[in-house]
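Report on the following structure.
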Amino acid sequence: MTGRLDSRTDAGARAEEESTATGLVRGVRWLTVSTLVLSLLNYVYSLGLTHLLDVGAFAVFAAGQALLLTAGTVSNAAVPWVLAQTLSTATGAEDRRRAVWFGLTLNTGLGVLGGALLYGLGLGFAGPRTSLVLAVATFLVFVASSTVGVLQGARRFGLLGVLKVGDSALKIAVGLALVAVGTGAAGALGGFAAGSLLLIAAGGWVARRDLRRPVRGTLRAPHLWRTTAGVGAVQALLSLLVTLDVVLVAYLLPDEAAATYQASMILSRVPLFLAGAVAATVFPLLSRDPDGLEDVVRRAVRSFLLMVVPYAVALACVPAPLLALVFPPEYSRMSVVLPLTAVAGAAIGAVNLVTTVFQARRRYVRSVVAQVAGLAVHAGALTVGAALDGLVGMAVGAVVGTTASLVALLVAAPARWRRALVPTPDVLALGAAVVPVFVLLQPWPWAWVPVVGTTGLAAAVVALRGRPPRVRTGRAAT
């Protein structure tokens, strides 16, 4: 009898674990699809603004957008991840309420500080009005990130994906409307505030029961503070890596060259968002399944690379006539810069994914030391590159700096992790196939476009149809 009960218990546990893993894979699919959709929307927005704004105003917008990306990366990875972990393990209503109020209170304070900081930074390249819009948008971005944590904790990835697309769509609609009435870069950045308001409203509705009344001693939670500090430090350094070049270019290069570089980096940032979609859903599994870490990491890396390799190679060899068709004449040097920024963008996405493993296993100090070393190389390479060869030199510096950051993290990772981070044979085969094909088809854009589109779609389908990683429990990973 005891044996039968044990067998039933084990079977029930395996079924629950399989259900959890399957749910996480579905989460990756939801967030990846929504990421692709909002990336397309952001492309349309940025490309439209290259025609609606002069190069000076676009450079201001791109620099402000880069700062908002920094704020968004920090806000969406620090408190929300801690909030998601806490909500997923909460044992009662009081624990849930305390976690929600902790996240909301902390994000409100961080939003005030972040808004003040970005207002000061904005004055370095924009006027007071644009800087104020930047500050308000930053505050709302932080508050809205509480919604992300609540939905991640509840594993409502479908709703989260829909809201992210809605956020982007509303941002574009409001931003374009404001630009149309003559508000310039300030109006284009104002759209970010409108999108955040949608997330805040949705989060308030989903968590309405937990928000009925405040919880006393909300911020007296040492374990939450320690985790938040560790995750926040890693994400802050990641954000500096992501935005340092786009901000420096506004100071180091003339307006036309700066706008070209920033437009190129906007196209090259998709790997960062894809890595974020994968990371957001595998993070809880990496945290709870130390014995299965290699399996989870290997599958996460495979999914990421299958989607990113065709995209990065396509950016690196996009036919010049297509660029001339999309961008105004002032952006004629895009064809020279894009191959370099495509490599840098893919490296940044990989850095994002690798730091997720460090955070999940609470190896914050190792990650921070490696990131600081890589960031120092990045800053030096960008500055020297801009001084030596302007636009192209800075793009080369971005490749050197982002690659150095990735290498530093791989060196700091335990050998067990590095084995899991090696590209799988099918990824290597894909890279070996697409590079010569995409390059050879460059002279024929009419053939290049369908081949690239079909290859990218097929690779994404394969990446998102993999079987779920095994979920197990056991000793802590080292």
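The chains in the structure tokens are called A, B, ... from first to last as shown; in each chain the residues are counted from 1, and the ligands are counted from 1 in the order shown.
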
Worksheet item: Near stretch 324-330 of chain A, within 10 Å and counting only C-alpha atoms, which residues show up once chain neighbours fewer than 2 positions away are dropped, as a list in words?
Response: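 Selected residues are Leu47, Gly48, Thr50, His51, Asp54, Val55, Glu256, Ala257, Ala259, Thr260, Ala263, Pro319, Ala320, Pro321, Leu322, Ser332, Arg333, Met334 and Ser335 of chain A.
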
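Minimum distance to A:Val357 across A:Tyr311, A:Trp81, A:Phe283, A:Tyr119 (counting only C-alpha atoms) occurs at A:Phe283.
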
Item to complete: Go through A:Leu241, A:Ala99, A:Ala395, A:Val165 and flag the residue nearest A:Leu38, using only C-alpha atoms for the distances.
Response: A:Val165

Worksheet item: Suppose you want the space between atom CA of A:Leu199 and atom CA of A:Arg362; what is it in Å?
Response: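 Atom-to-atom, atom CA of A:Leu199 to atom CA of A:Arg362, that is 28.8 Å.
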
Worksheet entry | Selection: 12 Å around A:Gly401, only C-alpha atoms, excl. self and same-chain fewer than 3 positions, as a PyMOL selection string | chain A and resi 240-242+244-245+340-341+343-345+347-348+351+371-385+394-398+404-408

Generate a file of the selected residues that holds C-alpha atoms, formatted as a PDB file, in the first residue's frame.
ATOM      1  CA  LEU A 240      24.852  51.081 -18.823  1.00  0.00           C
ATOM      2  CA  LEU A 241      26.285  48.634 -21.336  1.00  0.00           C
ATOM      3  CA  VAL A 242      23.119  48.895 -23.446  1.00  0.00           C
ATOM      4  CA  LEU A 244      26.405  54.045 -23.099  1.00  0.00           C
ATOM      5  CA  ASP A 245      27.182  54.197 -26.820  1.00  0.00           C
ATOM      6  CA  LEU A 340      29.077  46.441 -36.830  1.00  0.00           C
ATOM      7  CA  THR A 341      26.048  47.364 -34.750  1.00  0.00           C
ATOM      8  CA  VAL A 343      27.337  42.200 -34.006  1.00  0.00           C
ATOM      9  CA  ALA A 344      27.242  44.501 -30.985  1.00  0.00           C
ATOM     10  CA  GLY A 345      23.470  44.043 -30.628  1.00  0.00           C
ATOM     11  CA  ALA A 347      26.504  40.388 -28.060  1.00  0.00           C
ATOM     12  CA  ILE A 348      24.377  42.597 -25.796  1.00  0.00           C
ATOM     13  CA  VAL A 351      25.116  39.342 -22.100  1.00  0.00           C
ATOM     14  CA  GLN A 371      30.374  43.524 -15.806  1.00  0.00           C
ATOM     15  CA  VAL A 372      32.451  46.384 -14.388  1.00  0.00           C
ATOM     16  CA  ALA A 373      35.539  45.057 -16.172  1.00  0.00           C
ATOM     17  CA  GLY A 374      33.656  44.723 -19.449  1.00  0.00           C
ATOM     18  CA  LEU A 375      32.069  48.157 -19.058  1.00  0.00           C
ATOM     19  CA  ALA A 376      35.476  49.775 -18.559  1.00  0.00           C
ATOM     20  CA  VAL A 377      36.687  48.242 -21.823  1.00  0.00           C
ATOM     21  CA  HIS A 378      33.445  49.327 -23.506  1.00  0.00           C
ATOM     22  CA  ALA A 379      33.750  52.970 -22.424  1.00  0.00           C
ATOM     23  CA  GLY A 380      37.402  53.154 -23.453  1.00  0.00           C
ATOM     24  CA  ALA A 381      36.805  51.507 -26.830  1.00  0.00           C
ATOM     25  CA  LEU A 382      33.915  53.845 -27.652  1.00  0.00           C
ATOM     26  CA  THR A 383      35.868  56.972 -26.730  1.00  0.00           C
ATOM     27  CA  VAL A 384      39.036  55.951 -28.566  1.00  0.00           C
ATOM     28  CA  GLY A 385      37.048  54.751 -31.585  1.00  0.00           C
ATOM     29  CA  MET A 394      32.549  54.274 -32.483  1.00  0.00           C
ATOM     30  CA  ALA A 395      30.748  51.326 -34.094  1.00  0.00           C
ATOM     31  CA  VAL A 396      33.964  49.295 -33.935  1.00  0.00           C
ATOM     32  CA  GLY A 397      34.356  50.335 -30.304  1.00  0.00           C
ATOM     33  CA  ALA A 398      30.860  49.038 -29.566  1.00  0.00           C
ATOM     34  CA  ALA A 404      34.680  42.054 -23.919  1.00  0.00           C
ATOM     35  CA  SER A 405      31.707  42.156 -21.548  1.00  0.00           C
ATOM     36  CA  LEU A 406      30.441  38.791 -22.779  1.00  0.00           C
ATOM     37  CA  VAL A 407      33.893  37.200 -22.496  1.00  0.00           C
ATOM     38  CA  ALA A 408      34.343  38.569 -18.960  1.00  0.00           C
TER      39      ALA A 408
END

DSSP on the backbone: which residues in stretch 125-296 of chain A end up as helix (DSSP H, G or I)? Give the answer as a tab-separated table (two decimals) with C-alpha atoms, in the first residue's frame.
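Full text of selection-v1.tsv as output:
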chain	number	residue	atom	x	y	z
A	128	PRO	CA	14.04	71.89	-20.12
A	129	ARG	CA	10.68	70.93	-21.66
A	130	THR	CA	11.99	67.73	-23.27
A	131	SER	CA	13.93	66.89	-20.11
A	132	LEU	CA	10.76	67.28	-18.02
A	133	VAL	CA	8.86	64.94	-20.36
A	134	LEU	CA	11.73	62.49	-20.01
A	135	ALA	CA	11.52	62.70	-16.21
A	136	VAL	CA	7.75	62.12	-16.09
A	137	ALA	CA	7.99	59.20	-18.52
A	138	THR	CA	10.75	57.67	-16.39
A	139	PHE	CA	8.65	57.88	-13.22
A	140	LEU	CA	5.70	56.19	-14.94
A	141	VAL	CA	7.95	53.48	-16.42
A	142	PHE	CA	9.09	52.50	-12.91
A	143	VAL	CA	5.57	52.46	-11.47
A	144	ALA	CA	4.29	50.45	-14.44
A	145	SER	CA	6.94	47.77	-13.91
A	146	SER	CA	5.01	46.63	-10.81
A	147	THR	CA	2.38	45.32	-13.22
A	148	VAL	CA	5.04	43.22	-14.93
A	149	GLY	CA	6.02	41.61	-11.62
A	150	VAL	CA	2.43	40.88	-10.65
A	151	LEU	CA	1.67	39.19	-13.98
A	152	GLN	CA	4.94	37.23	-13.96
A	153	GLY	CA	4.21	36.02	-10.43
A	157	PHE	CA	2.27	35.67	-19.69
A	158	GLY	CA	-0.44	35.91	-22.33
A	159	LEU	CA	-1.96	38.99	-20.71
A	160	LEU	CA	1.51	40.43	-20.15
A	161	GLY	CA	2.35	40.00	-23.83
A	162	VAL	CA	-0.89	41.67	-24.92
A	163	LEU	CA	-0.32	44.59	-22.55
A	164	LYS	CA	3.23	45.10	-23.81
A	165	VAL	CA	1.98	45.31	-27.38
A	166	GLY	CA	-0.79	47.68	-26.25
A	167	ASP	CA	1.79	49.81	-24.44
A	168	SER	CA	3.85	50.11	-27.62
A	169	ALA	CA	0.84	50.80	-29.85
A	170	LEU	CA	-0.46	53.55	-27.56
A	171	LYS	CA	3.03	55.05	-27.28
A	172	ILE	CA	3.29	55.26	-31.06
A	173	ALA	CA	-0.21	56.68	-31.57
A	174	VAL	CA	0.22	59.39	-28.94
A	175	GLY	CA	3.81	60.16	-29.94
A	176	LEU	CA	2.98	60.58	-33.63
A	177	ALA	CA	-0.06	62.71	-32.79
A	178	LEU	CA	2.06	65.02	-30.63
A	179	VAL	CA	4.80	65.27	-33.26
A	180	ALA	CA	2.15	66.09	-35.88
A	184	GLY	CA	9.14	67.75	-31.80
A	185	ALA	CA	11.31	65.38	-29.77
A	186	ALA	CA	9.39	66.17	-26.57
A	187	GLY	CA	6.17	64.89	-28.10
A	188	ALA	CA	7.85	61.78	-29.50
A	189	LEU	CA	9.10	60.94	-26.00
A	190	GLY	CA	5.73	61.80	-24.45
A	191	GLY	CA	4.25	58.70	-26.04
A	192	PHE	CA	6.24	56.57	-23.57
A	193	ALA	CA	4.30	58.10	-20.69
A	194	ALA	CA	0.97	57.26	-22.33
A	195	GLY	CA	1.97	53.62	-22.82
A	196	SER	CA	3.03	53.28	-19.18
A	197	LEU	CA	-0.33	54.61	-18.02
A	198	LEU	CA	-2.02	51.67	-19.76
A	199	LEU	CA	0.16	49.20	-17.85
A	200	ILE	CA	-0.47	50.98	-14.56
A	201	ALA	CA	-4.24	50.87	-15.07
A	202	ALA	CA	-4.15	47.16	-15.98
A	203	GLY	CA	-1.94	46.32	-12.99
A	204	GLY	CA	-4.23	48.19	-10.63
A	205	TRP	CA	-7.16	46.13	-11.87
A	206	VAL	CA	-5.38	42.75	-11.67
A	222	PRO	CA	15.59	42.19	4.71
A	223	HIS	CA	15.52	39.19	2.35
A	224	LEU	CA	13.62	41.18	-0.27
A	225	TRP	CA	16.06	44.08	0.08
A	226	ARG	CA	19.10	41.81	-0.38
A	227	THR	CA	17.66	40.19	-3.50
A	228	THR	CA	16.54	43.53	-4.91
A	229	ALA	CA	19.98	45.06	-4.34
A	230	GLY	CA	21.74	42.17	-6.06
A	231	VAL	CA	19.42	42.04	-9.05
A	232	GLY	CA	19.34	45.83	-9.29
A	233	ALA	CA	23.14	46.10	-9.38
A	234	VAL	CA	23.43	43.53	-12.17
A	235	GLN	CA	20.66	45.15	-14.19
A	236	ALA	CA	21.99	48.68	-13.70
A	237	LEU	CA	25.35	47.65	-15.14
A	238	LEU	CA	23.59	45.85	-18.01
A	239	SER	CA	21.65	49.03	-18.72
A	240	LEU	CA	24.85	51.08	-18.82
A	241	LEU	CA	26.28	48.63	-21.34
A	242	VAL	CA	23.12	48.89	-23.45
A	243	THR	CA	22.89	52.68	-23.54
A	244	LEU	CA	26.41	54.05	-23.10
A	245	ASP	CA	27.18	54.20	-26.82
A	246	VAL	CA	23.83	55.70	-27.80
A	247	VAL	CA	24.21	58.47	-25.20
A	248	LEU	CA	27.91	59.14	-25.86
A	249	VAL	CA	27.33	59.43	-29.58
A	250	ALA	CA	25.12	62.48	-28.94
A	251	TYR	CA	28.09	64.20	-27.31
A	252	LEU	CA	30.99	62.92	-29.44
A	255	ASP	CA	24.14	65.47	-35.45
A	256	GLU	CA	23.99	63.64	-38.79
A	257	ALA	CA	26.51	60.99	-37.76
A	258	ALA	CA	24.87	60.63	-34.33
A	259	ALA	CA	21.42	60.13	-35.89
A	260	THR	CA	22.82	57.49	-38.28
A	261	TYR	CA	24.44	55.56	-35.43
A	262	GLN	CA	21.34	55.78	-33.22
A	263	ALA	CA	19.01	54.65	-36.00
A	264	SER	CA	21.36	51.73	-36.66
A	265	MET	CA	21.39	50.74	-32.99
A	266	ILE	CA	17.58	50.86	-32.81
A	267	LEU	CA	17.51	48.19	-35.53
A	268	SER	CA	20.22	46.21	-33.75
A	270	VAL	CA	16.06	43.30	-31.16
A	271	PRO	CA	18.37	40.58	-29.73
A	272	LEU	CA	18.27	42.40	-26.39
A	273	PHE	CA	14.48	42.24	-26.30
A	274	LEU	CA	14.40	38.60	-27.41
A	275	ALA	CA	16.87	37.72	-24.67
A	276	GLY	CA	14.64	39.56	-22.19
A	277	ALA	CA	11.62	37.53	-23.28
A	278	VAL	CA	13.50	34.26	-22.79
A	279	ALA	CA	15.04	35.42	-19.50
A	280	ALA	CA	11.75	36.57	-17.97
A	281	THR	CA	10.22	33.13	-18.30
A	282	VAL	CA	13.19	30.86	-17.54
A	283	PHE	CA	14.35	32.90	-14.53
A	284	PRO	CA	11.94	31.20	-12.06
A	285	LEU	CA	12.91	27.77	-13.38
A	286	LEU	CA	16.61	28.53	-13.05
A	287	SER	CA	15.96	29.65	-9.48
A	288	ARG	CA	14.06	26.55	-8.37
A	290	PRO	CA	19.55	23.82	-9.53
A	291	ASP	CA	20.14	20.23	-10.65
A	292	GLY	CA	18.56	20.92	-14.03
A	293	LEU	CA	20.45	24.15	-14.61
A	294	GLU	CA	22.49	22.89	-17.56
A	295	ASP	CA	19.41	21.60	-19.36
A	296	VAL	CA	17.46	24.83	-18.80
